[in-house]
file start_38.txt (compact mmCIF, C-alpha atoms)
# COMPACT_ATOMS: atom_id res chain seq x y z
CA MET A 132 92.40 79.10 60.09
CA THR A 133 91.86 80.64 63.49
CA ILE A 134 92.80 78.60 66.50
CA LYS A 135 90.67 79.42 69.52
CA VAL A 136 92.51 78.95 72.77
CA PHE A 137 90.17 78.46 75.65
CA ASN A 138 90.81 77.71 79.30
CA ARG A 139 88.36 77.04 82.08
CA GLU A 140 89.33 75.93 85.54
CA LYS A 141 87.87 75.90 89.03
CA ILE A 142 90.25 75.76 91.95
CA VAL A 143 89.24 75.34 95.57
CA SER A 144 91.98 76.38 97.98
CA LYS A 145 92.37 76.98 101.66
CA GLY A 146 91.87 80.67 102.34
CA ILE A 147 95.55 81.51 102.58
CA ILE A 148 96.51 84.59 100.59
CA SER A 149 99.96 83.34 99.61
CA GLU A 150 98.45 80.14 98.17
CA LEU A 151 95.73 82.05 96.34
CA ARG A 152 98.32 84.38 94.81
CA LYS A 153 99.95 81.36 93.15
CA ILE A 154 96.64 80.65 91.42
CA CYS A 155 96.40 84.30 90.37
CA SER A 156 99.91 84.09 88.89
CA ARG A 157 98.86 81.07 86.84
CA ILE A 158 95.85 82.91 85.47
CA LEU A 159 98.02 85.89 84.56
CA CYS A 160 100.43 83.56 82.72
CA HIS A 161 97.52 82.25 80.64
CA ALA A 162 96.41 85.82 79.90
CA ASN A 163 99.94 86.70 78.80
CA VAL A 164 100.12 83.70 76.47
CA LEU A 165 96.78 84.69 74.94
CA GLY A 166 98.12 88.13 74.10
CA TYR A 167 96.42 90.29 76.70
CA SER A 168 98.19 93.64 76.88
CA LYS A 169 100.31 94.69 79.84
CA ASP A 170 97.56 97.15 80.82
CA ASP A 171 94.94 94.38 80.74
CA GLN A 172 97.20 92.11 82.79
CA PHE A 173 97.72 94.91 85.31
CA ALA A 174 93.94 95.32 85.60
CA ILE A 175 93.33 91.57 85.99
CA HIS A 176 96.12 91.31 88.54
CA LEU A 177 94.82 94.20 90.62
CA ALA A 178 91.19 93.03 90.57
CA LEU A 179 92.18 89.47 91.49
CA GLU A 180 94.44 90.70 94.30
CA GLU A 181 91.71 92.88 95.77
CA ALA A 182 89.04 90.16 95.41
CA VAL A 183 91.24 87.51 97.02
CA VAL A 184 92.22 89.76 99.92
CA ASN A 185 88.56 90.70 100.47
CA ALA A 186 87.55 87.02 100.40
CA VAL A 187 90.15 86.03 102.99
CA ARG A 188 89.99 89.06 105.29
CA HIS A 189 86.37 90.20 105.15
CA GLY A 190 84.65 87.04 103.87
CA ASN A 191 86.37 84.21 105.70
CA LYS A 192 87.55 86.49 108.55
CA GLN A 193 91.08 85.11 108.13
CA ASP A 194 89.93 81.57 109.02
CA SER A 195 92.41 79.51 107.01
CA GLU A 196 90.21 76.42 107.40
CA LYS A 197 87.62 78.09 105.20
CA ASP A 198 88.04 77.76 101.47
CA VAL A 199 88.24 80.33 98.72
CA THR A 200 87.22 79.19 95.25
CA ILE A 201 88.69 80.82 92.18
CA GLU A 202 87.11 79.97 88.85
CA TYR A 203 88.12 81.41 85.54
CA GLU A 204 87.20 81.15 81.91
CA LEU A 205 89.73 82.60 79.54
CA SER A 206 89.50 83.14 75.80
CA PRO A 207 91.32 85.50 73.45
CA GLU A 208 88.36 87.88 73.70
CA LYS A 209 87.69 88.05 77.42
CA ILE A 210 88.45 86.66 80.83
CA GLU A 211 85.75 85.86 83.37
CA LEU A 212 86.68 85.38 87.00
CA TRP A 213 84.71 84.21 89.99
CA VAL A 214 86.09 84.53 93.53
CA THR A 215 83.95 82.93 96.21
CA ASP A 216 84.47 82.71 99.95
CA GLN A 217 82.65 80.87 102.74
CA GLY A 218 81.68 83.94 104.71
CA MET A 219 78.38 85.62 105.43
CA GLY A 220 78.57 87.85 102.37
CA PHE A 221 78.01 91.58 102.09
CA LYS A 222 75.88 94.05 100.19
CA PRO A 223 78.05 96.02 97.77
CA SER A 224 75.60 98.92 98.12
CA ASP A 225 76.45 99.10 101.83
CA VAL A 226 80.12 99.81 101.09
CA ALA A 227 80.82 103.50 101.61
CA ASP A 228 82.36 105.43 98.75
CA PRO A 229 86.04 105.72 99.78
CA ARG A 230 86.35 108.93 97.76
CA SER A 231 83.68 110.82 99.71
CA GLY A 232 84.18 113.19 102.60
CA GLU A 233 86.18 111.85 105.49
CA ASN A 234 86.30 108.37 103.92
CA ILE A 235 89.20 109.50 101.78
CA TYR A 236 91.33 109.70 104.93
CA LYS A 237 90.49 106.14 106.00
CA ALA A 238 93.17 103.52 105.57
CA GLY A 239 90.88 100.90 104.01
CA GLY A 240 87.77 100.43 101.91
CA ARG A 241 89.15 100.94 98.38
CA GLY A 242 89.26 97.34 97.10
CA VAL A 243 85.67 97.18 95.81
CA LEU A 244 86.08 100.51 94.01
CA LEU A 245 89.29 99.37 92.32
CA ILE A 246 87.73 96.10 91.17
CA LYS A 247 84.79 98.01 89.67
CA SER A 248 87.10 100.53 88.00
CA TYR A 249 89.45 98.03 86.37
CA MET A 250 86.95 95.40 85.20
CA ASN A 251 84.41 95.78 82.39
CA SER A 252 81.66 94.25 84.51
CA VAL A 253 81.36 93.20 88.14
CA GLU A 254 78.47 91.31 89.70
CA TYR A 255 77.93 89.85 93.14
CA ASN A 256 75.70 86.87 93.92
CA ASN A 257 72.65 87.33 96.15
CA ALA A 258 74.48 85.97 99.17
CA GLY A 259 77.24 88.53 98.64
CA ASN A 260 80.04 86.01 99.04
CA SER A 261 80.95 85.62 95.38
CA VAL A 262 82.12 88.19 92.87
CA HIS A 263 81.98 87.62 89.11
CA MET A 264 84.33 89.88 87.16
CA THR A 265 84.78 90.20 83.41
CA LYS A 266 87.64 91.87 81.56
CA LEU A 267 87.54 92.23 77.78
CA ASN A 268 90.79 91.87 75.86
CA SER A 269 91.44 95.43 74.71
CA LYS A 270 93.55 94.22 71.78
CA PRO A 271 92.16 90.83 70.69
CA VAL A 272 94.16 89.07 67.96
CA MET B 226 120.08 81.61 105.00
CA GLU B 227 117.45 83.71 103.29
CA GLN B 228 118.83 87.02 102.10
CA LEU B 229 117.00 90.03 103.47
CA LYS B 230 115.84 92.35 100.73
CA PRO B 231 115.93 96.06 101.46
CA ARG B 232 112.48 97.63 101.32
CA ILE B 233 113.66 101.21 101.19
CA SER B 234 116.74 103.29 100.65
CA VAL B 235 117.06 106.57 102.49
CA TYR B 236 119.02 109.74 101.95
CA TYR B 237 118.87 113.04 103.69
CA ALA B 238 118.57 116.20 101.63
CA GLN B 239 118.85 119.69 103.06
CA ASN B 240 115.19 120.06 103.88
CA ALA B 241 113.75 116.55 103.70
CA THR B 242 114.23 112.86 104.13
CA VAL B 243 113.94 111.02 100.82
CA VAL B 244 112.73 107.43 100.94
CA THR B 245 112.93 105.33 97.79
CA LEU B 246 110.77 102.23 97.72
CA THR B 247 112.96 99.47 96.29
CA ASP B 248 110.43 96.71 95.63
CA GLU B 249 108.74 96.41 92.22
CA LYS B 250 105.61 94.87 93.69
CA LEU B 251 104.05 95.91 96.97
CA LEU B 252 101.40 93.40 97.93
CA GLU B 253 102.22 91.05 100.72
CA ASP B 254 101.38 91.80 104.32
CA ASP B 255 105.05 91.23 105.07
CA ASP B 256 106.06 93.84 102.46
CA ILE B 257 103.71 96.41 103.92
CA LYS B 258 104.64 95.63 107.50
CA ALA B 259 108.33 95.87 106.63
CA LEU B 260 107.78 99.19 104.88
CA GLU B 261 105.83 100.56 107.81
CA GLU B 262 108.49 99.43 110.27
CA SER B 263 111.19 101.06 108.12
CA ILE B 264 109.44 104.37 107.51
CA MET B 265 107.64 105.10 110.78
CA PRO B 266 110.84 105.51 112.85
CA LEU B 267 112.00 108.14 110.33
CA ILE B 268 108.95 110.32 110.97
CA ASP B 269 108.00 109.51 114.52
CA GLY B 270 108.10 112.23 117.13
CA SER B 271 109.55 115.14 115.20
CA GLN B 272 108.70 117.51 112.38
CA VAL B 273 109.93 115.81 109.22
CA ASN B 274 109.48 116.59 105.56
CA LEU B 275 109.32 113.28 103.72
CA VAL B 276 109.62 112.57 100.01
CA VAL B 277 108.61 109.07 98.94
CA ASP B 278 110.03 108.00 95.58
CA PHE B 279 108.01 105.32 93.74
CA SER B 280 110.31 105.05 90.70
CA SER B 281 110.92 101.33 91.19
CA VAL B 282 107.32 100.41 91.96
CA GLN B 283 105.43 98.70 89.15
CA PHE B 284 102.47 97.30 91.09
CA LEU B 285 100.72 98.01 94.34
CA SER B 286 97.39 97.17 95.95
CA SER B 287 94.92 99.13 98.03
CA ALA B 288 96.64 97.85 101.18
CA VAL B 289 99.62 100.07 100.33
CA LEU B 290 97.33 103.06 99.95
CA GLY B 291 96.27 102.44 103.55
CA LEU B 292 99.90 102.59 104.65
CA LEU B 293 100.38 105.88 102.78
CA ILE B 294 97.38 107.34 104.61
CA ARG B 295 98.86 106.26 107.96
CA ILE B 296 102.20 107.84 107.04
CA SER B 297 100.43 111.03 105.97
CA LYS B 298 98.55 111.27 109.28
CA LYS B 299 101.72 110.75 111.30
CA ILE B 300 103.58 113.46 109.37
CA SER B 301 100.65 115.88 109.72
CA GLU B 302 100.52 115.29 113.48
CA ASN B 303 104.11 116.52 113.67
CA LYS B 304 103.49 119.44 111.27
CA GLY B 305 105.73 117.95 108.59
CA ARG B 306 105.07 117.78 104.90
CA LEU B 307 104.75 114.74 102.62
CA LYS B 308 105.49 114.57 98.90
CA PHE B 309 105.38 111.67 96.45
CA CYS B 310 107.33 111.35 93.21
CA GLY B 311 108.28 108.93 90.45
CA ILE B 312 104.83 107.39 90.18
CA ASN B 313 104.35 105.67 86.82
CA SER B 314 101.17 106.11 84.81
CA LYS B 315 99.59 102.79 85.82
CA ILE B 316 100.11 103.46 89.52
CA PHE B 317 99.01 107.07 89.10
CA ASP B 318 95.70 105.79 87.70
CA ILE B 319 95.11 104.05 91.04
CA PHE B 320 95.66 107.36 92.83
CA LYS B 321 93.28 109.10 90.42
CA ILE B 322 90.53 106.48 90.72
CA THR B 323 90.65 106.68 94.50
CA ARG B 324 91.06 110.49 94.35
CA LEU B 325 94.16 110.23 96.50
CA ASP B 326 95.87 112.37 93.86
CA GLU B 327 93.74 115.20 95.30
CA ILE B 328 95.05 114.87 98.85
CA PHE B 329 98.65 113.86 98.16
CA GLU B 330 101.16 116.15 96.49
CA ILE B 331 102.71 114.26 93.59
CA TYR B 332 105.75 115.35 91.55
CA ASP B 333 107.56 113.90 88.55
CA ASP B 334 110.82 113.26 90.38
CA ALA B 335 112.63 113.75 93.69
CA LYS B 336 114.32 116.93 92.51
CA LYS B 337 110.99 118.63 91.84
CA ALA B 338 109.53 117.31 95.09
CA LEU B 339 112.49 118.73 97.03
CA GLN B 340 112.22 122.08 95.24
CA SER B 341 108.59 122.30 96.34
CA LEU B 342 109.74 122.16 99.97
CA LYS B 343 112.00 125.20 99.71
call {"tool": "encode", "arguments": {"input": "start_38.txt", "output": "structure tokens"}}
result
Amino acid sequence: MTIKVFNREKIVSKGIISELRKICSRILCHANVLGYSKDDQFAIHLALEEAVVNAVRHGNKQDSEKDVTIEYELSPEKIELWVTDQGMGFKPSDVADPRSGENIYKAGGRGVLLIKSYMNSVEYNNAGNSVHMTKLNSKPV
Amino acid sequence: MEQLKPRISVYYAQNATVVTLTDEKLLEDDDIKALEESIMPLIDGSQVNLVVDFSSVQFLSSAVLGLLIRISKKISENKGRLKFCGINSKIFDIFKITRLDEIFEIYDDAKKALQSLK
């Protein structure tokens, strides 16, 4: 008999990075219990960190009265994550490639690239204030 | 009283200053600010060769990459040289993805990084 472990949760928090990191830690604990590899956990951790920082800094413009919503759906096969802020949104296609030309010498602008690189799929809503990321379990039980 | 955790350890070799990052995770604004405040005085105003040893670092975010760029610019302004070492494979992937492995000189360990400065 196969027991399917399945978690889904939506958490609305004030846009304070330290508070949001506690939620990220909880998600990573669930991923660990479900047998996600250390590499997968590293990828999930990095993508969540970058998405949360983007939501607070660029989305909510550091306004701690604005919320950030983290939603996740976790199964032994994959984890889906949504990070949503209350900002004006952005067009991912407008983000310059941080690897090109002089951009490589800029201090910022690498978060979106890292999210895309470490997740299996990344989608933004039309408003550009919510990112939906999916990571497949590379070694499902 | 909260115990202050060292962010770096420093030793001076013949031809370089070697900074070892002592935190396993580099994420928080406070971590990065503390690192910047520890490292910048070591390289400010004079020609310095700096080796940064990442052996203890298991996780970092793009915010840290920004700090490394700022350090690199400051060292270049003063005609010094910057070398990294001890970067584990997961962290090295971040450098590769962002192509920072093409602009930073990265060595297996501090000994090799120091030899490259001779």
call {"tool": "atom_distance", "arguments": {"input": "start_38.txt", "atom1": "CA of Asp171 in chain A", "atom2": "CA of Lys222 in chain A"}}
result
27.2 Å
call {"tool": "residues_around", "arguments": {"input": "start_38.txt", "residues": "Ile300 in chain B", "least_positions_apart": "2", "cutoff": "9 Å", "atoms": "only C-alpha atoms", "output": "JSON, numbers by chain"}}
result
{"B": [268, 269, 271, 272, 273, 274, 275, 295, 296, 297, 298, 302, 303, 304, 305, 306, 307]}
call {"tool": "atom_distance", "arguments": {"input": "start_38.txt", "atom1": "CA of Ala241 in chain B", "atom2": "CA of Glu262 in chain B"}}
result
19.1 Å
call {"tool": "closest_residue", "arguments": {"input": "start_38.txt", "among": "B:Tyr236, B:Phe284, B:Tyr332, B:Phe309", "to": "chain A", "atoms": "all atoms listed in the file"}}
result
B:Phe284
call {"tool": "residues_around", "arguments": {"input": "start_38.txt", "residues": "range 186-192 of chain A", "least_positions_apart": "4", "cutoff": "10 Å", "atoms": "all atoms listed in the file", "output": "list in words"}}
result
Lys145, Gly146, Ile147, Ile148, Leu151, Glu180, Glu181, Ala182, Glu196, Lys197, Asp198, Val199, Thr200, Val214, Thr215, Asp216, Gln217, Gly218, Met219, Gly220, Phe221, Gly259, Asn260, Ser261 and Val262 of chain A
call {"tool": "interface_residues", "arguments": {"input": "start_38.txt", "of": "chain A", "to": "chain B", "cutoff": "10 Å", "atoms": "all atoms listed in the file", "output": "list in words"}}
result
Ile148, Ser149, Arg152, Asp170, Phe173, Ala174, His176, Leu177, Ala178, Glu180, Glu181, Val184, Asp228, Pro229, Arg230, Ser231, Ile235, Tyr236, Lys237, Ala238, Gly239, Gly240, Arg241, Gly242, Val243, Leu244, Leu245, Ser248 and Tyr249 of chain A
call {"tool": "closest_residue", "arguments": {"input": "start_38.txt", "among": "B:Gly311, B:Val276, B:Val282, B:Leu267", "to": "Leu251 in chain B", "atoms": "all atoms listed in the file"}}
result
B:Val282
call {"tool": "atom_distance", "arguments": {"input": "start_38.txt", "atom1": "CA of Ile257 in chain B", "atom2": "CA of Ile233 in chain B"}}
result
11.4 Å
call {"tool": "residues_around", "arguments": {"input": "start_38.txt", "residues": "Val164 in chain A", "least_positions_apart": "4", "cutoff": "12 Å", "atoms": "all atoms listed in the file", "output": "list in words"}}
result
Val136, Phe137, Asn138, Arg157, Ile158, Leu159, Cys160, Ser168, Lys169, Gln172, Leu205, Ser206, Pro207 and Val272 of chain A
call {"tool": "residues_near_point", "arguments": {"input": "start_38.txt", "point": "(88.1, 92.3, 81.5)", "cutoff": "10 Å", "atoms": "all atoms listed in the file", "output": "PyMOL selection string"}}
result
chain A and resi 167+171-172+174-175+178+208-212+249-253+264-269
call {"tool": "decode", "arguments": {"input": "start_38.txt", "residues": "range 164-188 of chain A", "atoms": "N, CA, C and O atoms", "output": "tab-separated table (two decimals), in the first residue's frame"}}
result
chain	number	residue	atom	x	y	z
A	164	VAL	N	10.83	15.91	5.02
A	164	VAL	CA	10.08	14.74	5.50
A	164	VAL	C	9.60	13.89	4.33
A	164	VAL	O	9.58	12.65	4.41
A	165	LEU	N	9.24	14.53	3.23
A	165	LEU	CA	8.75	13.79	2.07
A	165	LEU	C	9.86	13.21	1.22
A	165	LEU	O	9.61	12.63	0.16
A	166	GLY	N	11.09	13.37	1.65
A	166	GLY	CA	12.19	12.69	0.97
A	166	GLY	C	12.82	13.45	-0.19
A	166	GLY	O	13.53	12.84	-0.99
A	167	TYR	N	12.55	14.73	-0.28
A	167	TYR	CA	13.22	15.51	-1.33
A	167	TYR	C	14.72	15.54	-1.03
A	167	TYR	O	15.13	15.66	0.13
A	168	SER	N	15.52	15.41	-2.08
A	168	SER	CA	16.97	15.34	-1.90
A	168	SER	C	17.51	16.68	-1.39
A	168	SER	O	16.84	17.72	-1.48
A	169	LYS	N	18.75	16.64	-0.93
A	169	LYS	CA	19.40	17.88	-0.46
A	169	LYS	C	19.51	18.88	-1.61
A	169	LYS	O	19.35	20.09	-1.41
A	170	ASP	N	19.78	18.38	-2.82
A	170	ASP	CA	19.86	19.29	-3.98
A	170	ASP	C	18.51	19.94	-4.26
A	170	ASP	O	18.43	21.13	-4.56
A	171	ASP	N	17.44	19.13	-4.19
A	171	ASP	CA	16.10	19.69	-4.41
A	171	ASP	C	15.77	20.73	-3.34
A	171	ASP	O	15.21	21.79	-3.63
A	172	GLN	N	16.13	20.41	-2.09
A	172	GLN	CA	15.84	21.35	-1.00
A	172	GLN	C	16.64	22.65	-1.18
A	172	GLN	O	16.13	23.74	-0.90
A	173	PHE	N	17.86	22.51	-1.65
A	173	PHE	CA	18.68	23.70	-1.93
A	173	PHE	C	17.98	24.56	-2.99
A	173	PHE	O	17.87	25.79	-2.85
A	174	ALA	N	17.48	23.91	-4.04
A	174	ALA	CA	16.82	24.64	-5.13
A	174	ALA	C	15.55	25.34	-4.64
A	174	ALA	O	15.29	26.51	-4.96
A	175	ILE	N	14.76	24.60	-3.86
A	175	ILE	CA	13.50	25.18	-3.33
A	175	ILE	C	13.83	26.35	-2.41
A	175	ILE	O	13.18	27.42	-2.48
A	176	HIS	N	14.82	26.16	-1.56
A	176	HIS	CA	15.22	27.21	-0.62
A	176	HIS	C	15.65	28.48	-1.37
A	176	HIS	O	15.20	29.59	-1.06
A	177	LEU	N	16.50	28.28	-2.37
A	177	LEU	CA	17.02	29.45	-3.11
A	177	LEU	C	15.89	30.18	-3.85
A	177	LEU	O	15.79	31.41	-3.80
A	178	ALA	N	15.03	29.41	-4.53
A	178	ALA	CA	13.94	30.04	-5.29
A	178	ALA	C	12.99	30.78	-4.36
A	178	ALA	O	12.55	31.90	-4.67
A	179	LEU	N	12.66	30.16	-3.23
A	179	LEU	CA	11.77	30.82	-2.27
A	179	LEU	C	12.41	32.10	-1.73
A	179	LEU	O	11.75	33.14	-1.61
A	180	GLU	N	13.69	32.01	-1.37
A	180	GLU	CA	14.40	33.18	-0.84
A	180	GLU	C	14.36	34.34	-1.84
A	180	GLU	O	14.04	35.47	-1.50
A	181	GLU	N	14.68	34.02	-3.09
A	181	GLU	CA	14.71	35.08	-4.11
A	181	GLU	C	13.31	35.64	-4.36
A	181	GLU	O	13.15	36.86	-4.52
A	182	ALA	N	12.30	34.76	-4.39
A	182	ALA	CA	10.93	35.22	-4.65
A	182	ALA	C	10.42	36.09	-3.50
A	182	ALA	O	9.77	37.13	-3.73
A	183	VAL	N	10.73	35.69	-2.28
A	183	VAL	CA	10.28	36.46	-1.11
A	183	VAL	C	10.96	37.83	-1.08
A	183	VAL	O	10.31	38.86	-0.84
A	184	VAL	N	12.26	37.84	-1.32
A	184	VAL	CA	12.99	39.12	-1.30
A	184	VAL	C	12.46	40.03	-2.42
A	184	VAL	O	12.25	41.23	-2.20
A	185	ASN	N	12.22	39.47	-3.59
A	185	ASN	CA	11.66	40.28	-4.69
A	185	ASN	C	10.29	40.84	-4.31
A	185	ASN	O	9.99	42.00	-4.61
A	186	ALA	N	9.46	40.00	-3.68
A	186	ALA	CA	8.11	40.43	-3.30
A	186	ALA	C	8.16	41.60	-2.32
A	186	ALA	O	7.42	42.59	-2.47
A	187	VAL	N	9.05	41.51	-1.35
A	187	VAL	CA	9.13	42.55	-0.31
A	187	VAL	C	9.81	43.81	-0.86
A	187	VAL	O	9.30	44.92	-0.67
A	188	ARG	N	10.94	43.63	-1.53
A	188	ARG	CA	11.73	44.80	-1.95
A	188	ARG	C	11.15	45.47	-3.19
A	188	ARG	O	10.92	46.67	-3.20
